[in-house]
Amino acid sequence: MTLKSVQNALFKIYLNPGYRLAHRLDPRAFTAHMGLTDDEAELVQNLPPAEVEQFAMELKAKEMLSLNMAMPVTCRWLEEHCRHVLREYEDFGTYGRRSDRWAAARGFVQYLEECVDFYDTVPPALPSVAQLEYLLLTVRDEQENRAGSAERAASPAVPRPSWDSLYWKPVHTHAVHFSTDALSVVLGKKDMRDSGDPTWVVIAPAPHGPVPRVLRITAPAFHLINALEQPSSAKQLYAFAHDHDLNVSEHALRALVQWLSESGVLRAHHLGEGAAGE
């Protein structure tokens with residue numbers, strides 16, 4: 001008997017309602033489709049359907065509990081106002097055994113984006129709030145993973161920047177545009193159905209403490225941060241702003257990149273001692 005092949009079949013049965021139905025309707029055809037033979041096939045064929053359903057329900061309940069912990073504002077609002085949306089995701093959301101720990105939350109964001117088009121009861125702010133909670137979750141997770149490392153422990157020394165200083169956006173920093181004021185909803189300052197105007201936010205691991213750094217930014221700052229996937233000098237960044245009509249002055253751009261680097265949102269490398277001028 002090959003343990004790996006049996007485990008693969010069991011995971012498919014427990015995690016996917018389609019495979020579960022196929023197993024219940026015709027266990028022999030199911031095991032043949034899965035390539036199981038002899039003892040492997042007999043073991044899987046003889047799984048009691050009631051026990052399979054019970055175990056699958058327990059796995060799904062744990063998954064939904066994890067989702068509630070990861071996205072409390074989103075899930076609480078749905079429980080109070082649109083429980084059917086949450087229940088449908090619980091019924092049909094499926095994940096493989098190799099899915100990462102936040103697959104359910106990531107899939108939930110995509111699911112809610114589609115729900116806005118199909119359910120009048122789902123407010124436009126809900127997918128934005130879900131996305132914000134998901135990003136906070138992943139950044140906080142990254143913070144915990146890096147806690148105590150040399151990169152985190154060192155206080156960033158920020159010498160005087162020059163026009164040739166290099167800036168770049170770390171992989172776990174996210175500059176995001178929301179069609180509503182999702183941040184105020186998450187903070188409890190606005191209601192989900194009265195969520196305010198479009199906003200731009202940057203989310204990054206904080207140098208210290210468990211809470212990620214979240215800053216409101218302007219639309220030009222959003223575009224400039226996302227232009228820094230690769231290291232660029234302040235001079236190159238100013239040329240980008242000019243080419244894309246972002247209406248950012250030299251003084252404002254210098255102040256912006258210095259503020260973002262001092263806040264830990266951007267990484268920076270200052271050449272030489274770096275005079276304030278060119």
# chains A, B, ... in the order shown; residues from 1 in each chain; ligands from 1
>>> residues_around(residues="Leu253 of chain A", least_positions_apart="5", cutoff="8 Å", atoms="only C-alpha atoms", output="MDAnalysis selection string")
chainID A and resid 234 238 248
>>> write_last_selection(atoms="C-alpha atoms", output="short mmCIF file (atom, residue, chain, number, x, y, z; two decimals), in the first residue's frame")
data_model
loop_
_atom_site.label_atom_id
_atom_site.label_comp_id
_atom_site.auth_asym_id
_atom_site.auth_seq_id
_atom_site.Cartn_x
_atom_site.Cartn_y
_atom_site.Cartn_z
CA ALA A 234 15.19 60.21 -6.35
CA TYR A 238 11.14 62.62 -10.23
CA VAL A 248 4.85 66.50 -7.76
#
>>> select_by_dssp(residues="segment 94-232 of chain A", states="strand (DSSP E)", output="list in words")
Leu166, Tyr167, Trp168, His174, Ala175, Val176, His177, Phe178, Thr199, Trp200, Val201, Val202, Ile203, Ala204, Arg213, Val214, Leu215, Arg216, Ile217 and Ser232 of chain A
>>> closest_residue(among="A:Asn145, A:Gly264, A:Glu63, A:Val73", to="Ala105 of chain A", atoms="only C-alpha atoms")
A:Glu63
>>> residues_around(residues="Gly209 of chain A", least_positions_apart="3", cutoff="10 Å", atoms="only C-alpha atoms", output="MDAnalysis selection string")
chainID A and resid 140 143:144 147 205:206 212:213
>>> select_by_dssp(residues="segment 119-270 of chain A", states="alpha helix (DSSP H)", output="number ranges by chain")
A: 125-146, 150-153, 182-186, 219-226, 234-243, 250-262
>>> closest_residue(among="A:Ala221, A:Val85, A:Val257, A:Leu43", to="Ala241 of chain A", atoms="only C-alpha atoms")
A:Ala221
